[in-house]
Every structure is written in C-alpha cells, then in structure tokens.
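> See structure-v2.txt below, with compact mmCIF, C-alpha atoms.
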# COMPACT_ATOMS: atom_id res chain seq x y z
CA MET A 1 102.88 13.49 26.24
CA ALA A 2 99.99 12.21 28.36
CA GLY A 3 100.73 11.80 32.07
CA ALA A 4 100.67 8.46 33.88
CA GLY A 5 97.15 7.07 34.01
CA ALA A 6 95.81 9.60 31.48
CA THR A 7 93.53 8.32 28.74
CA PRO A 8 95.30 8.70 25.37
CA LEU A 9 93.46 10.84 22.83
CA LEU A 10 92.13 9.13 19.73
CA PRO A 11 93.55 10.28 16.39
CA ASP A 12 91.34 12.81 14.58
CA GLU A 13 90.98 10.35 11.70
CA ILE A 14 89.30 7.85 14.03
CA VAL A 15 87.17 10.49 15.74
CA ILE A 16 85.92 11.91 12.44
CA TRP A 17 85.43 8.79 10.33
CA GLU A 18 84.40 6.30 13.00
CA ILE A 19 82.54 8.40 15.59
CA LEU A 20 81.34 11.74 14.24
CA VAL A 21 80.21 10.20 10.95
CA ARG A 22 77.74 8.01 12.85
CA LEU A 23 76.14 10.72 15.00
CA PRO A 24 72.62 12.04 14.38
CA PRO A 25 72.65 15.42 12.58
CA GLU A 26 71.74 17.45 15.66
CA SER A 27 74.57 15.85 17.70
CA LEU A 28 77.09 16.37 14.88
CA LEU A 29 76.16 20.06 14.63
CA ARG A 30 76.80 20.49 18.36
CA CYS A 31 80.20 18.78 18.08
CA ARG A 32 81.17 21.10 15.22
CA SER A 33 80.93 24.10 17.52
CA THR A 34 83.55 22.67 19.91
CA CYS A 35 86.47 22.26 17.49
CA ARG A 36 87.45 24.24 14.39
CA ALA A 37 89.25 21.24 12.86
CA TRP A 38 86.16 19.07 13.31
CA ARG A 39 83.98 21.75 11.74
CA SER A 40 86.21 21.91 8.68
CA ALA A 41 86.52 18.13 8.28
CA THR A 42 82.81 17.45 8.75
CA SER A 43 81.74 20.13 6.26
CA THR A 44 83.18 18.46 3.17
CA ARG A 45 80.79 16.87 0.71
CA SER A 46 82.52 13.48 1.00
CA PHE A 47 82.03 13.46 4.77
CA LEU A 48 78.41 14.60 4.54
CA LEU A 49 77.59 11.89 2.01
CA ALA A 50 79.21 9.27 4.26
CA HIS A 51 77.35 10.69 7.26
CA HIS A 52 74.06 10.44 5.35
CA GLY A 53 74.85 6.81 4.54
CA HIS A 54 75.09 5.99 8.26
CA GLN A 55 71.70 7.52 9.16
CA PRO A 56 68.76 5.18 9.79
CA ASN A 57 65.82 5.18 7.39
CA LEU A 58 63.02 5.87 9.87
CA PRO A 59 59.23 5.84 9.42
CA ILE A 60 57.47 9.19 9.44
CA ILE A 61 54.21 9.50 11.34
CA SER A 62 51.75 12.37 11.12
CA GLY A 63 49.10 13.75 13.41
CA GLY A 64 48.36 16.60 15.72
CA SER A 65 50.39 19.54 14.40
CA LYS A 66 53.60 17.75 13.41
CA PHE A 67 55.39 15.30 11.18
CA LEU A 68 57.64 13.13 13.35
CA SER A 69 60.21 10.44 12.68
CA PHE A 70 59.66 7.29 14.73
CA ASP A 71 62.86 5.63 15.96
CA TYR A 72 61.67 2.08 16.61
CA ARG A 73 65.22 1.09 17.66
CA ALA A 74 65.35 3.40 20.68
CA ALA A 75 64.65 2.26 24.24
CA ASP A 76 62.88 5.57 24.89
CA ASP A 77 62.43 8.98 23.23
CA HIS A 78 61.02 7.38 20.08
CA LEU A 79 59.56 10.52 18.51
CA HIS A 80 61.53 13.37 16.94
CA THR A 81 59.84 16.37 15.34
CA VAL A 82 60.50 16.62 11.60
CA ALA A 83 58.33 19.64 10.80
CA ARG A 84 55.28 21.45 12.09
CA ILE A 85 52.16 21.13 9.98
CA ASP A 86 48.64 22.42 9.81
CA GLU A 87 45.38 20.97 8.59
CA VAL A 88 46.13 21.65 4.90
CA LEU A 89 49.79 20.59 4.71
CA HIS A 90 50.41 17.09 3.37
CA LEU A 91 53.48 14.95 2.71
CA GLN A 92 53.77 13.96 -0.96
CA ALA A 93 57.26 12.45 -1.41
CA SER A 94 60.51 11.76 0.42
CA CYS A 95 63.99 11.01 -0.88
CA ASP A 96 67.51 11.31 0.55
CA GLY A 97 66.37 13.34 3.54
CA LEU A 98 64.25 15.73 1.44
CA LEU A 99 60.48 16.06 1.83
CA VAL A 100 57.99 17.35 -0.74
CA LEU A 101 54.95 18.99 0.83
CA SER A 102 51.67 20.19 -0.61
CA ARG A 103 49.33 22.83 0.73
CA TYR A 104 45.77 22.62 -0.51
CA GLY A 105 44.03 25.94 -0.96
CA MET A 106 40.64 26.98 -2.25
CA ALA A 107 41.85 27.36 -5.83
CA ASP A 108 45.17 25.58 -6.15
CA THR A 109 47.76 23.29 -4.66
CA ARG A 110 51.13 24.76 -3.73
CA ILE A 111 54.11 22.41 -3.72
CA SER A 112 57.24 23.00 -1.64
CA ILE A 113 60.39 21.14 -0.63
CA CYS A 114 62.26 21.06 2.66
CA ASN A 115 65.25 19.50 4.41
CA PRO A 116 64.40 18.93 8.09
CA ALA A 117 68.06 18.48 9.10
CA THR A 118 69.28 21.80 7.63
CA ARG A 119 65.87 23.46 8.17
CA GLU A 120 65.80 24.72 4.59
CA HIS A 121 62.48 25.26 2.83
CA ALA A 122 61.44 26.64 -0.54
CA PRO A 123 58.28 26.70 -2.67
CA LEU A 124 58.47 24.81 -5.95
CA VAL A 125 55.36 25.63 -7.92
CA ALA A 126 51.62 26.19 -7.77
CA ALA A 127 49.44 23.57 -9.45
CA TRP A 128 45.93 22.15 -9.77
CA ASP A 129 45.18 18.48 -9.09
CA LEU A 130 48.82 17.47 -9.31
CA ASN A 131 49.70 13.81 -8.79
CA ILE A 132 53.25 13.29 -7.53
CA MET A 133 54.27 9.68 -8.14
CA GLY A 134 57.74 9.87 -6.61
CA MET A 135 61.04 11.70 -6.23
CA TYR A 136 64.51 10.50 -7.21
CA PRO A 137 68.11 11.58 -7.83
CA HIS A 138 69.03 11.45 -11.51
CA GLN A 139 72.52 9.96 -11.33
CA PRO A 140 73.85 11.11 -14.74
CA THR A 141 73.19 14.80 -13.94
CA GLY A 142 73.09 14.89 -10.13
CA GLU A 143 69.67 16.56 -10.31
CA TYR A 144 66.68 15.74 -8.14
CA ARG A 145 63.49 15.17 -10.09
CA LEU A 146 59.80 14.61 -9.47
CA LEU A 147 57.88 12.04 -11.46
CA LEU A 148 54.39 13.38 -12.10
CA HIS A 149 51.18 12.00 -13.57
CA ARG A 150 48.52 13.93 -15.42
CA GLY A 151 45.09 12.32 -15.62
CA THR A 152 42.08 13.38 -17.62
CA GLN A 153 40.98 15.86 -14.95
CA THR A 154 44.43 17.22 -14.14
CA ARG A 155 45.43 20.72 -15.19
CA TRP A 156 48.76 22.37 -14.43
CA ALA A 157 49.16 26.11 -14.26
CA PHE A 158 52.83 25.87 -15.23
CA ALA A 159 52.70 23.26 -18.03
CA ALA A 160 52.26 24.17 -21.66
CA GLU A 161 51.74 20.53 -22.57
CA ASP A 162 48.20 19.14 -22.64
CA GLN A 163 48.98 15.41 -22.91
CA ILE A 164 47.70 12.78 -20.53
CA GLY A 165 50.52 10.72 -19.07
CA CYS A 166 53.76 11.11 -17.13
CA TYR A 167 56.00 14.13 -16.78
CA ILE A 168 59.34 14.90 -15.15
CA PHE A 169 60.00 18.08 -13.21
CA THR A 170 63.61 18.99 -12.36
CA LEU A 171 64.03 20.83 -9.07
CA GLY A 172 65.61 24.26 -9.47
CA SER A 173 65.67 24.17 -13.27
CA GLY A 174 63.06 26.87 -13.78
CA GLN A 175 61.63 24.76 -16.62
CA PRO A 176 58.09 23.34 -16.87
CA PRO A 177 57.54 19.59 -16.52
CA ARG A 178 58.76 17.52 -19.47
CA TYR A 179 56.41 14.95 -20.99
CA ILE A 180 57.94 11.45 -21.26
CA GLU A 181 55.21 8.97 -22.19
CA SER A 182 51.56 8.03 -21.98
CA SER A 183 50.19 6.36 -18.88
CA GLU A 184 49.81 2.93 -20.51
CA THR A 185 52.75 1.40 -18.62
CA ALA A 186 52.55 3.64 -15.55
CA PRO A 187 50.59 2.54 -12.47
CA ARG A 188 46.96 3.71 -12.61
CA ARG A 189 46.49 3.52 -8.84
CA PHE A 190 49.59 3.22 -6.74
CA ASN A 191 50.93 3.21 -3.23
CA LEU A 192 54.21 4.81 -2.18
CA PRO A 193 57.26 3.76 -4.23
CA VAL A 194 60.54 2.25 -3.07
CA LEU A 195 63.78 3.59 -4.56
CA LEU A 196 66.26 0.74 -5.04
CA ARG A 197 69.01 0.10 -7.61
CA ASP A 198 68.27 3.43 -9.33
CA ASN A 199 64.68 2.31 -9.90
CA LEU A 200 61.39 3.38 -8.38
CA HIS A 201 59.09 0.42 -7.59
CA TRP A 202 55.34 0.43 -6.97
CA TYR A 203 53.05 -2.35 -5.89
CA PRO A 204 49.59 -1.49 -7.29
CA SER A 205 46.84 -0.60 -4.83
CA LEU A 206 44.27 -3.04 -3.52
CA TYR A 207 41.66 -1.63 -5.92
CA GLN A 208 43.36 -3.19 -8.94
CA VAL A 209 41.93 -6.63 -9.72
CA GLY A 210 43.69 -9.56 -11.35
CA ALA A 211 47.44 -10.03 -11.63
CA LYS A 212 49.37 -7.12 -10.13
CA PRO A 213 52.95 -6.77 -11.37
CA VAL A 214 55.43 -4.48 -9.68
CA ILE A 215 55.73 -1.31 -11.78
CA VAL A 216 59.34 -0.19 -12.21
CA PHE A 217 60.62 3.21 -13.33
CA ASP A 218 64.26 3.34 -14.41
CA THR A 219 65.46 6.70 -13.04
CA ILE A 220 68.46 6.81 -15.39
CA ALA A 221 66.74 5.94 -18.69
CA GLU A 222 63.45 7.40 -17.35
CA THR A 223 61.31 4.62 -18.76
CA PHE A 224 58.77 2.21 -17.28
CA ARG A 225 58.74 -1.58 -17.20
CA GLN A 226 57.10 -4.34 -15.17
CA MET A 227 58.45 -7.14 -13.01
CA ARG A 228 56.89 -10.26 -11.54
CA ALA A 229 55.22 -9.83 -8.15
CA PRO A 230 53.80 -12.13 -5.48
CA ILE A 231 50.04 -12.65 -5.36
CA ALA A 232 49.13 -10.70 -2.25
CA LEU A 233 45.46 -10.23 -1.41
CA GLY A 234 43.95 -7.39 0.57
CA SER A 235 45.77 -4.21 1.54
CA SER A 236 49.29 -4.71 0.17
CA TYR A 237 52.36 -2.49 0.22
CA ILE A 238 55.95 -2.58 -1.01
CA PHE A 239 58.93 -1.73 1.22
CA GLU A 240 62.72 -1.99 1.31
CA MET A 241 64.23 -4.81 3.35
CA ASP A 242 67.99 -5.07 3.79
CA GLY A 243 68.84 -3.95 0.26
CA THR A 244 66.05 -5.84 -1.49
CA LEU A 245 62.29 -5.51 -1.95
CA GLY A 246 59.53 -6.80 0.28
CA VAL A 247 55.76 -6.84 -0.09
CA TYR A 248 53.42 -7.21 2.86
CA SER A 249 49.68 -7.71 2.97
CA ARG A 250 47.37 -7.04 5.91
CA ASP A 251 44.23 -9.09 6.56
CA LEU A 252 41.98 -7.09 8.89
CA ALA A 253 39.62 -10.03 9.50
CA THR A 254 42.20 -12.67 10.50
CA LYS A 255 44.74 -10.17 11.95
CA ILE A 256 47.48 -11.79 9.85
CA VAL A 257 50.31 -9.97 8.09
CA ARG A 258 52.11 -11.85 5.31
CA VAL A 259 55.54 -10.75 4.11
CA TRP A 260 57.15 -11.73 0.79
CA VAL A 261 60.83 -11.03 0.15
CA LEU A 262 62.46 -10.75 -3.28
CA GLN A 263 65.17 -13.43 -3.31
CA SER A 264 66.55 -12.64 -6.78
CA TYR A 265 66.15 -9.21 -8.33
CA GLU A 266 67.28 -10.33 -11.78
CA GLY A 267 65.26 -13.57 -11.65
CA GLU A 268 62.22 -11.86 -10.05
CA VAL A 269 61.86 -14.71 -7.53
CA TRP A 270 59.76 -14.03 -4.42
CA ASP A 271 59.50 -16.03 -1.21
CA LEU A 272 56.69 -15.94 1.35
CA LYS A 273 59.03 -15.56 4.30
CA TYR A 274 56.77 -14.51 7.20
CA ARG A 275 53.20 -15.18 8.22
CA ILE A 276 52.65 -13.12 11.36
CA LYS A 277 49.46 -13.39 13.38
CA LEU A 278 48.91 -10.55 15.79
CA PRO A 279 48.55 -11.57 19.47
CA VAL A 280 44.99 -10.21 19.53
CA ALA A 281 44.00 -11.64 22.94
CA GLU A 282 47.06 -10.12 24.64
CA ILE A 283 46.61 -6.77 22.88
CA ARG A 284 42.94 -6.51 23.86
CA ALA A 285 43.71 -7.49 27.45
CA ARG A 286 46.47 -4.88 27.83
CA PHE A 287 45.39 -2.00 25.60
CA GLU A 288 41.99 -0.40 25.43
CA GLY A 289 40.56 0.49 22.05
CA PHE A 290 41.92 -2.26 19.78
CA ASN A 291 39.17 -3.14 17.29
CA SER A 292 38.66 -4.20 13.71
CA TYR A 293 40.73 -1.35 12.24
CA TRP A 294 44.45 -0.97 12.82
CA ASN A 295 47.25 0.62 10.87
CA THR A 296 50.56 -1.11 10.28
CA ASP A 297 54.00 -0.71 8.77
CA VAL A 298 56.81 -3.22 8.31
CA VAL A 299 60.47 -2.35 8.90
CA SER A 300 63.71 -4.34 8.76
CA ARG A 301 65.40 -5.15 12.04
CA ASP A 302 68.27 -7.48 12.93
CA GLY A 303 67.97 -9.46 9.70
CA GLY A 304 64.22 -9.94 10.16
CA VAL A 305 61.12 -7.76 10.25
CA LEU A 306 59.28 -5.79 12.90
CA LEU A 307 55.61 -4.86 12.67
CA LEU A 308 54.62 -1.40 13.82
CA VAL A 309 50.94 -1.59 14.75
CA SER A 310 49.11 1.67 15.36
CA PHE A 311 45.67 2.24 16.82
CA GLY A 312 44.34 5.12 18.89
CA PRO A 313 47.17 6.55 21.04
CA TRP A 314 49.18 3.30 20.97
CA MET A 315 52.10 2.09 18.85
CA LEU A 316 52.96 -1.59 19.30
CA HIS A 317 56.04 -3.54 18.20
CA VAL A 318 55.37 -7.14 17.12
CA ASP A 319 58.25 -9.37 16.03
CA SER A 320 58.32 -11.86 13.16
CA HIS A 321 57.05 -14.63 15.48
CA GLY A 322 53.93 -12.67 16.42
CA LYS A 323 55.26 -11.77 19.87
CA LEU A 324 54.45 -8.37 21.35
CA VAL A 325 57.89 -7.00 22.26
CA ASP A 326 57.24 -3.33 23.03
CA SER A 327 54.53 -0.68 23.28
CA PHE A 328 54.55 3.07 23.16
CA HIS A 329 51.81 5.45 24.30
CA ARG A 330 51.71 8.70 22.38
CA GLY A 331 50.25 10.89 25.09
CA GLY A 332 46.73 10.96 23.73
CA GLN A 333 47.82 12.08 20.25
CA GLY A 334 46.28 10.18 17.35
CA TYR A 335 49.35 9.82 15.17
CA CYS A 336 49.14 7.82 11.95
CA LEU A 337 51.73 5.73 10.08
CA ASN A 338 51.84 7.07 6.52
CA GLY A 339 54.47 4.84 4.86
CA PHE A 340 57.04 7.58 4.22
CA ARG A 341 60.66 7.28 5.37
CA LEU A 342 63.24 9.87 6.42
CA LYS A 343 66.99 9.28 6.16
CA GLN A 344 68.35 12.59 7.40
CA THR A 345 71.04 14.49 5.53
CA LEU A 346 73.21 17.57 6.04
CA VAL A 347 74.28 17.54 2.37
CA ARG A 348 73.71 20.96 0.83
CA HIS A 349 71.72 21.12 -2.41
CA THR A 350 72.27 24.05 -4.75
CA PHE A 351 68.71 23.98 -6.10
CA PHE A 352 67.38 25.39 -2.80
CA THR A 353 69.00 28.80 -3.23
CA THR A 354 67.78 29.07 -6.84
CA LEU A 355 64.16 28.88 -5.74
CA GLU A 356 62.26 32.09 -5.03
CA GLY A 357 61.07 32.15 -1.45
CA TYR A 358 64.00 30.06 -0.11
CA ALA A 359 64.29 30.35 3.68
CA VAL A 360 66.02 28.76 6.66
CA ASN A 361 64.38 28.31 10.07
CA ALA A 362 61.05 29.53 8.72
CA LEU A 363 57.79 27.62 8.39
CA PRO A 364 57.32 24.65 8.62
CA PHE A 365 60.15 24.56 11.20
CA VAL A 366 58.87 27.19 13.65
Hey, can you dump this file as structure tokens for me?

Amino acid sequence: MAGAGATPLLPDEIVIWEILVRLPPESLLRCRSTCRAWRSATSTRSFLLAHHGHQPNLPIISGGSKFLSFDYRAADDHLHTVARIDEVLHLQASCDGLLVLSRYGMADTRISICNPATREHAPLVAAWDLNIMGMYPHQPTGEYRLLLHRGTQTRWAFAAEDQIGCYIFTLGSGQPPRYIESSETAPRRFNLPVLLRDNLHWYPSLYQVGAKPVIVFDTIAETFRQMRAPIALGSSYIFEMDGTLGVYSRDLATKIVRVWVLQSYEGEVWDLKYRIKLPVAEIRARFEGFNSYWNTDVVSRDGGVLLLVSFGPWMLHVDSHGKLVDSFHRGGQGYCLNGFRLKQTLVRHTFFTTLEGYAVNALPFV
C-alpha cells in the first residue's frame, strides 16, 4: 500500500496502452530495458501495430550525407537522422516505415530495403534502368510488393519477361517480377503516389498536357483505373490530408500555392479549399537568399494545412492564411524536400531475414 502523500502507480494496462504505445520508437526501446513486463507486452505484434498507428507521418528531407525526418510539430529539434547516404544512394519508395533505396553504379542499379527504426537493411536485386512506381502491402497475403514499370529502354537482369508495361515484385519471394498489364492505363510520367483506402494514387506530372485524371492502382485486385481530378496548372502534387486526398499546385511567378481537397471519394468531388500567397516581402526582409526558385511541401496540421517552404539553408512554416509562423535554419546544409514520408515502425517483417545480405546496424545506419 502506498504511504500517505505517495503518488499511486498507474495500472500496467494504462501505462502500456495509453503511454508507451504513443512514444517514439527510440523512447519505447529505452523503456523496454527498464522493465521485463513492459518488454514482453510491447513486443507483441498487436502492440507494435498499434504503436505504428500512433506514429506521425513525417516528411523526409535529403542533403549532405543523410536522409532525415522533419518533425514540423516540434518546438525545437526538428531533424532526426533516418539513414546515412552517399552521392549515389537515392530514395525510391516508402511505405509503413520501410524505405526502398537505389544505388547507381557504372553498369547497374542495385535496389535495397531498410527499416530505420529497427536498423535492418537488405539488398533486393540488381537491375538496369528500373522504374519503381510505388510500394504497398498486399492485404490478402500480408506481403509487401513493389509496383514496377518497364519502358522501351528498360532492361532487367532478373526478369525473363520482355513485355513493356507494369510488373509486380514481391519482397522476399525469390521470384522475378510478374507482368500484370500494358502501360496504357498506367501513368506515363508520375510524381510520388499516395496510399489510401488500399489504393495507390498518382497525380500526373506537370509535363502532361490536357486533362489530367488521378491514376489509381487497386492494391488488392492489382488493376489500374482513373478518377476525376481538379484542374491544377503548373507544378502539381498529390498528398494525404486527414484521411482523404489533396492536390496542391505551386506558381513560382505569383508565389501562390493552391490546395484542392477531395470532399467525396466515391463521388470524386474536389473543392479548392486554400489559396495561399507567400508573404514574399516579409521573407525577403528577414531571410537572405529567397529568389524565384523555392521548394515546397504541404502537410496536414490541426484540421488545416501547413506549407513547408525550403530555400538555401532555411525551412519556413507558412499557415493556410499565408502567415509566416516559424522558421528553421539548417546550419548551412542545403537540405531538400523530396515528397517522401516516414511513419516509423518496430513491426518485424519476415522477408528481411530471407534476403541474402540481411544485416542490422550496418550501412546505411553507420
């Protein structure tokens, strides 16, 4: 019994499912070492899946010798190292806390996969001119798969097929990519996809002229279709916003960012919800180096949107009213927003240990 004035201990059920489940992975791992019961309870698959669900979906930025996640919600300590990189290592896909990397060599491209939270890494395959369209969990089988595209100039060292079009590669299967269909309905030029409702979504790149529908890939049936999209001119990108889709366009000349939000997924109804003009005069007065080119990303925050504006060593936060609300200097490093997201996970995936060359705490984590 606790003495007079002592703080009563919380039940383990509350500690585990209300507190530990919300901690960042590195903090949870430290807590595990303090209590055997906590270690056991927080190692179950059900807990790890719930823990993953509570993690924020943070932008990844690249530059210098690292990939970093950018926590735009934090008052300080925004940057957290995801993995070390070099001049030939590139990020190709991200899904459920997993990253697909490519290393370009003189003769081929080597593809690998890693989990930054568990520090696992394994090579997948060597390939030539491989286009990775996206990565997704295949719900009926529990497998993780890569959606690939083979153009007229693409040649794979590991594929017996010689058809132009789309292929599926199952991680850890040991099988070559499986051809699914021609590229008639697939996006010809595409930006990064958004995974929502068991579908991958692409908004075609700015180089495509005319009407630009959203291209949708059903990850269960593994077929393509199209859905209505807003007419967004200029550099336009798709993103996830509070469980639905958003599309934003960036006008470099007028310094205006427009944001459309999908109001009805089934009805394919879009609404131009935000028209955000950057406070150019204030930015130029306070920050040296702002010019005609600037990089941006849009994230959800507090039921609205937040613009992340990057130029030179600066990262600015601009709210949906066009007000500059925060700034962050990156110590002279020229980091770049690349559109990828990281939602960290401690869930263990069996495909890692089936891959030759599997390692923990090796490159790119040292």
> How many Å lie between atom CA of Tyr136 of chain A and atom CA of Ala41 of chain A, rounded to one decimal?
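It comes out at 28.0 Å.
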> So that I can check the surroundings of segment 300-304 of chain A, please list as a list in words every protein, DNA and RNA residue that reaches within 7 Å of it, counting all atoms listed in the file and ignoring chain neighbours fewer than 3 positions away.
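Neighbouring residues, sequence-local ones excluded: Met241, Asp242 and Ser320 of chain A.
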> I need the residues from that last selection saved to file as a compact mmCIF listing (two decimals), in the coordinates of the input (with C-alpha atoms), if you can.

# COMPACT_ATOMS: atom_id res chain seq x y z
CA MET A 241 64.23 -4.81 3.35
CA ASP A 242 67.99 -5.07 3.79
CA SER A 320 58.32 -11.86 13.16
> Give me, please, the distance in Å between atom CA of Leu363 of chain A and atom CA of Leu29 of chain A, quoted to one decimal.
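We find that atom CA of Leu363 of chain A and atom CA of Leu29 of chain A lie 20.8 Å from each other.
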> Using atom CA of Ala37 of chain A and atom CA of Trp17 of chain A as the two end points, give the distance in Å to one decimal.
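If I compute the distance from atom CA of Ala37 of chain A to atom CA of Trp17 of chain A, I get 13.3 Å.
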> Given only C-alpha atoms as the basis, pick out the residue of A:Asp271, A:Glu181, A:Glu282, A:Glu143 nearest to Arg258 of chain A.
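Selected residue with least distance to Arg258 of chain A: A:Asp271.
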> So, with all atoms listed in the file as the atoms that count, which of A:Val257, A:Leu20, A:Leu342, A:Cys336 lies closest to Cys95 of chain A?
A:Leu342
> I need the residue nearest Asn361 of chain A from this list: A:Leu262, A:Leu324, A:Ile256, A:Ala117. Use all atoms listed in the file for the distance.
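Among the listed residues, the smallest separation from Asn361 of chain A belongs to A:Ala117.
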> With distances taken over only C-alpha atoms, which residue among A:Trp38, A:Phe311, A:Tyr237, A:Tyr335 lies nearest Leu68 of chain A?
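Looking at the shortest contact to Leu68 of chain A, the residue is A:Tyr335.
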